[in-house]
Amino acid sequence: MRIYKNLAPIRALSFDLDDTLYANPEVIARAELAMQQAIARQLPDFVDNTPQYWHQLRWQLAEQNPEIRHDVSQWRLTALEQGLTAAGISNCAAMDIAQYAMDAFLDARTNVQLAPEVRPILQQLAARFPLIAITNGNANLAKMGIADLFALSLRAGPDGRMKPFPDMFEKAASRLDLTTNQVLHIGDHPESDIVGALNAGCQTAWMDKFCRPTVRLRVLPHLAISELDQLLQLPAQSR
């Protein structure tokens with residue numbers, strides 16, 4: 001653990017999920033493949049069914065409607081529907097195929113295998129602090145087998161704008177009757193997690209275990225960790 005700033009009393013821990021509790025790139029790669037395979041089963045002659053095509057469509061859609069990015073599931077589903085209708089598929093069929101492909105994506109996307117030590121560490125932390133999940137993505141705590149350890153789970157879209165906007169940080173603190181400064185947010189992303197949480201008034205811990213070597217911070221968090229169990233060193237606080 002590397003400490004950069006003095007910590008105020010901590011009353012809750014909030015966690016990003018992707019690339020904080022597990023490495024996410026391979027999860028997304030499997031989910032993208034499952035989505036494309038689902039489309040191929042329905043439309044074997046659809047030649048544009050490639051990662052590049054769907055990625056380009058999503059970003060074109062985001063340029064037209066930036067707000068759609070705050071709900072990544074709806075963003076992807078809408079891009080699927082528009083891509084299929086652009087290929088000449090009827091609106092009704094495009095909606096059905098898009099949902100079928102989205103279901104395949106989410107099934108693979110939420111099939112996350114946590115390292116064996118993650119749940120026991122979270123159990124120890126949950127005995128000392130309420131735990132909160134704050135994610136821009138669509139991971140599923142229940143399927144990961146850790147939902148019972150979290151007092152609160154918030155997802156961009158249904159629960160507010162995506163990080164680094166302050167919505168979910170503020171909502172989490174409010175729901176637990178805390179100030180944001182009483183929450184320590186743990187995450188990997190320099191902007192979404194560190195800048196976002198700091199701007200919302202939270203304390204921050206940068207998890208750099210799964211970060212690419214080129215990832216750099218532009219503002220200092222309160223502390224940085226490379227392993228989850230380092231959080232067990234946090235000073236005890238009454239709940």
# chains A, B, ... in the order shown; residues from 1 in each chain; ligands from 1

call {"tool": "select_by_dssp", "arguments": {"residues": "region 13-205 of chain A", "states": "strand (DSSP E or B)", "output": "list in words"}}
result
Leu13, Ser14, Phe15, Asp18, Tyr22, Leu131, Ile132, Ala133, Ile134, Thr135, Leu152, Ser153, Leu154, Arg155, Gly157, Gly160, Val183, Leu184, His185, Ile186, Gly187, Gln203, Thr204 and Ala205 of chain A

call {"tool": "residues_around", "arguments": {"residues": "Glu67 (chain A)", "least_positions_apart": "3", "cutoff": "12 Å", "atoms": "only C-alpha atoms", "output": "tab-separated table (two decimals) with N, CA and C atoms, in the first residue's frame"}}
result
chain	number	residue	atom	x	y	z
A	59	TRP	N	-20.04	3.97	-31.47
A	59	TRP	CA	-19.48	5.30	-31.32
A	59	TRP	C	-20.16	6.32	-32.22
A	61	LEU	N	-23.33	6.19	-32.79
A	61	LEU	CA	-24.55	6.45	-32.03
A	61	LEU	C	-24.25	7.40	-30.87
A	62	ALA	N	-23.11	7.23	-30.21
A	62	ALA	CA	-22.75	8.10	-29.09
A	62	ALA	C	-22.49	9.53	-29.55
A	63	GLU	N	-21.96	9.69	-30.75
A	63	GLU	CA	-21.74	11.04	-31.28
A	63	GLU	C	-23.08	11.73	-31.53
A	64	GLN	N	-24.06	10.97	-31.99
A	64	GLN	CA	-25.39	11.53	-32.25
A	64	GLN	C	-26.16	11.80	-30.96
A	70	HIS	N	-24.48	6.61	-20.96
A	70	HIS	CA	-24.63	6.41	-19.52
A	70	HIS	C	-25.27	5.08	-19.16
A	71	ASP	N	-25.86	4.39	-20.13
A	71	ASP	CA	-26.39	3.04	-19.90
A	71	ASP	C	-25.80	2.14	-20.97
A	72	VAL	N	-24.72	1.44	-20.64
A	72	VAL	CA	-23.98	0.71	-21.67
A	72	VAL	C	-24.79	-0.43	-22.27
A	74	GLN	N	-28.16	-0.45	-22.77
A	74	GLN	CA	-29.08	0.15	-23.74
A	74	GLN	C	-28.33	0.66	-24.95
A	75	TRP	N	-27.16	1.19	-24.73
A	75	TRP	CA	-26.31	1.70	-25.82
A	75	TRP	C	-26.00	0.57	-26.80
A	156	ALA	N	-24.48	2.53	-13.64
A	156	ALA	CA	-24.74	3.69	-14.49
A	156	ALA	C	-25.93	3.39	-15.40
A	157	GLY	N	-26.75	4.40	-15.60
A	157	GLY	CA	-27.99	4.25	-16.36
A	157	GLY	C	-29.15	4.27	-15.38
A	160	GLY	N	-28.06	6.66	-12.38
A	160	GLY	CA	-27.45	7.96	-12.63
A	160	GLY	C	-26.46	7.91	-13.75
A	161	ARG	N	-25.85	9.06	-14.01
A	161	ARG	CA	-24.85	9.15	-15.08
A	161	ARG	C	-23.60	8.35	-14.69
A	162	MET	N	-22.88	7.92	-15.71
A	162	MET	CA	-21.70	7.11	-15.48
A	162	MET	C	-20.60	7.94	-14.81

call {"tool": "atom_distance", "arguments": {"atom1": "CA of Leu131 (chain A)", "atom2": "CA of Leu149 (chain A)"}}
result
6.9 Å

call {"tool": "residues_around", "arguments": {"residues": "Ile146 (chain A)", "least_positions_apart": "2", "cutoff": "12 Å", "atoms": "only C-alpha atoms", "output": "PDB file with C-alpha atoms, in the first residue's frame"}}
result
ATOM      1  CA  LEU A  17     -15.849  -3.949 -10.454  1.00  0.00           C
ATOM      2  CA  LEU A  21     -11.920  -7.129  -8.581  1.00  0.00           C
ATOM      3  CA  VAL A 112     -16.957 -13.732 -14.180  1.00  0.00           C
ATOM      4  CA  GLN A 113     -14.722 -16.106 -12.246  1.00  0.00           C
ATOM      5  CA  LEU A 114     -13.216 -14.309  -9.276  1.00  0.00           C
ATOM      6  CA  PRO A 116     -10.393 -17.681  -4.847  1.00  0.00           C
ATOM      7  CA  VAL A 118     -11.501 -12.321  -3.384  1.00  0.00           C
ATOM      8  CA  ARG A 119     -14.607 -13.436  -1.496  1.00  0.00           C
ATOM      9  CA  PRO A 120     -12.790 -14.130   1.817  1.00  0.00           C
ATOM     10  CA  ILE A 121     -11.142 -10.701   1.662  1.00  0.00           C
ATOM     11  CA  LEU A 122     -14.446  -9.008   0.935  1.00  0.00           C
ATOM     12  CA  GLN A 123     -16.027 -10.936   3.807  1.00  0.00           C
ATOM     13  CA  ALA A 126     -17.750  -6.365   5.045  1.00  0.00           C
ATOM     14  CA  LEU A 131     -19.559  -2.381   0.974  1.00  0.00           C
ATOM     15  CA  ILE A 132     -20.914  -0.635  -2.118  1.00  0.00           C
ATOM     16  CA  ALA A 133     -20.536  -1.543  -5.793  1.00  0.00           C
ATOM     17  CA  ALA A 139     -21.417  -7.027 -14.271  1.00  0.00           C
ATOM     18  CA  ASN A 140     -23.629  -9.089 -11.959  1.00  0.00           C
ATOM     19  CA  LEU A 141     -22.690  -9.436  -8.284  1.00  0.00           C
ATOM     20  CA  ALA A 142     -25.082 -12.345  -7.752  1.00  0.00           C
ATOM     21  CA  LYS A 143     -23.541 -14.398 -10.554  1.00  0.00           C
ATOM     22  CA  MET A 144     -20.107 -13.648  -9.094  1.00  0.00           C
ATOM     23  CA  ASP A 148     -24.638 -10.949  -0.161  1.00  0.00           C
ATOM     24  CA  LEU A 149     -21.546  -9.028   0.936  1.00  0.00           C
ATOM     25  CA  PHE A 150     -22.662  -5.689  -0.515  1.00  0.00           C
ATOM     26  CA  ALA A 151     -25.026  -3.305   1.235  1.00  0.00           C
ATOM     27  CA  LEU A 152     -25.666  -1.445  -2.013  1.00  0.00           C
ATOM     28  CA  SER A 153     -25.046  -1.877  -5.739  1.00  0.00           C
TER      29      SER A 153
END

call {"tool": "closest_residue", "arguments": {"among": "A:Val219, A:Ile225, A:Ala108, A:Ile97", "to": "Asp188 (chain A)", "atoms": "only C-alpha atoms"}}
result
A:Ile225

call {"tool": "residues_around", "arguments": {"residues": "Glu191 (chain A)", "least_positions_apart": "5", "cutoff": "12 Å", "atoms": "only C-alpha atoms", "output": "PyMOL selection string"}}
result
chain A and resi 162-166+196-199+204+206+215-221

call {"tool": "decode", "arguments": {"residues": "region 113-131 of chain A", "atoms": "N, CA and C atoms", "output": "CSV table (one decimal), in the first residue's frame"}}
result
chain,number,residue,atom,x,y,z
A,113,GLN,N,-15.3,-15.2,-13.3
A,113,GLN,CA,-14.7,-16.1,-12.2
A,113,GLN,C,-13.7,-15.3,-11.4
A,114,LEU,N,-14.1,-15.0,-10.2
A,114,LEU,CA,-13.2,-14.3,-9.3
A,114,LEU,C,-12.1,-15.2,-8.8
A,115,ALA,N,-11.0,-14.6,-8.5
A,115,ALA,CA,-9.9,-15.4,-7.9
A,115,ALA,C,-10.4,-15.9,-6.5
A,116,PRO,N,-9.9,-17.1,-6.1
A,116,PRO,CA,-10.4,-17.7,-4.8
A,116,PRO,C,-10.3,-16.8,-3.6
A,117,GLU,N,-9.3,-15.9,-3.6
A,117,GLU,CA,-9.1,-15.1,-2.4
A,117,GLU,C,-10.0,-13.9,-2.3
A,118,VAL,N,-10.7,-13.6,-3.4
A,118,VAL,CA,-11.5,-12.3,-3.4
A,118,VAL,C,-12.6,-12.4,-2.4
A,119,ARG,N,-13.5,-13.4,-2.4
A,119,ARG,CA,-14.6,-13.4,-1.5
A,119,ARG,C,-14.2,-13.4,0.0
A,120,PRO,N,-13.2,-14.2,0.4
A,120,PRO,CA,-12.8,-14.1,1.8
A,120,PRO,C,-12.3,-12.7,2.2
A,121,ILE,N,-11.6,-12.1,1.3
A,121,ILE,CA,-11.1,-10.7,1.7
A,121,ILE,C,-12.3,-9.8,1.8
A,122,LEU,N,-13.3,-9.9,0.9
A,122,LEU,CA,-14.4,-9.0,0.9
A,122,LEU,C,-15.3,-9.3,2.2
A,123,GLN,N,-15.3,-10.6,2.6
A,123,GLN,CA,-16.0,-10.9,3.8
A,123,GLN,C,-15.4,-10.2,5.0
A,124,GLN,N,-14.1,-10.2,5.1
A,124,GLN,CA,-13.4,-9.6,6.2
A,124,GLN,C,-13.7,-8.1,6.2
A,125,LEU,N,-13.7,-7.5,5.0
A,125,LEU,CA,-14.0,-6.0,4.9
A,125,LEU,C,-15.4,-5.7,5.2
A,126,ALA,N,-16.3,-6.6,4.8
A,126,ALA,CA,-17.7,-6.4,5.0
A,126,ALA,C,-18.1,-6.5,6.5
A,127,ALA,N,-17.3,-7.2,7.3
A,127,ALA,CA,-17.5,-7.2,8.7
A,127,ALA,C,-17.1,-5.9,9.4
A,128,ARG,N,-16.4,-5.1,8.7
A,128,ARG,CA,-15.9,-3.8,9.3
A,128,ARG,C,-16.6,-2.6,8.6
A,129,PHE,N,-16.9,-2.7,7.4
A,129,PHE,CA,-17.5,-1.5,6.6
A,129,PHE,C,-18.7,-2.0,5.8
A,130,PRO,N,-19.7,-1.2,5.6
A,130,PRO,CA,-20.6,-1.5,4.5
A,130,PRO,C,-19.9,-1.4,3.2
A,131,LEU,N,-20.2,-2.4,2.3
A,131,LEU,CA,-19.6,-2.4,1.0
A,131,LEU,C,-20.6,-1.9,-0.1
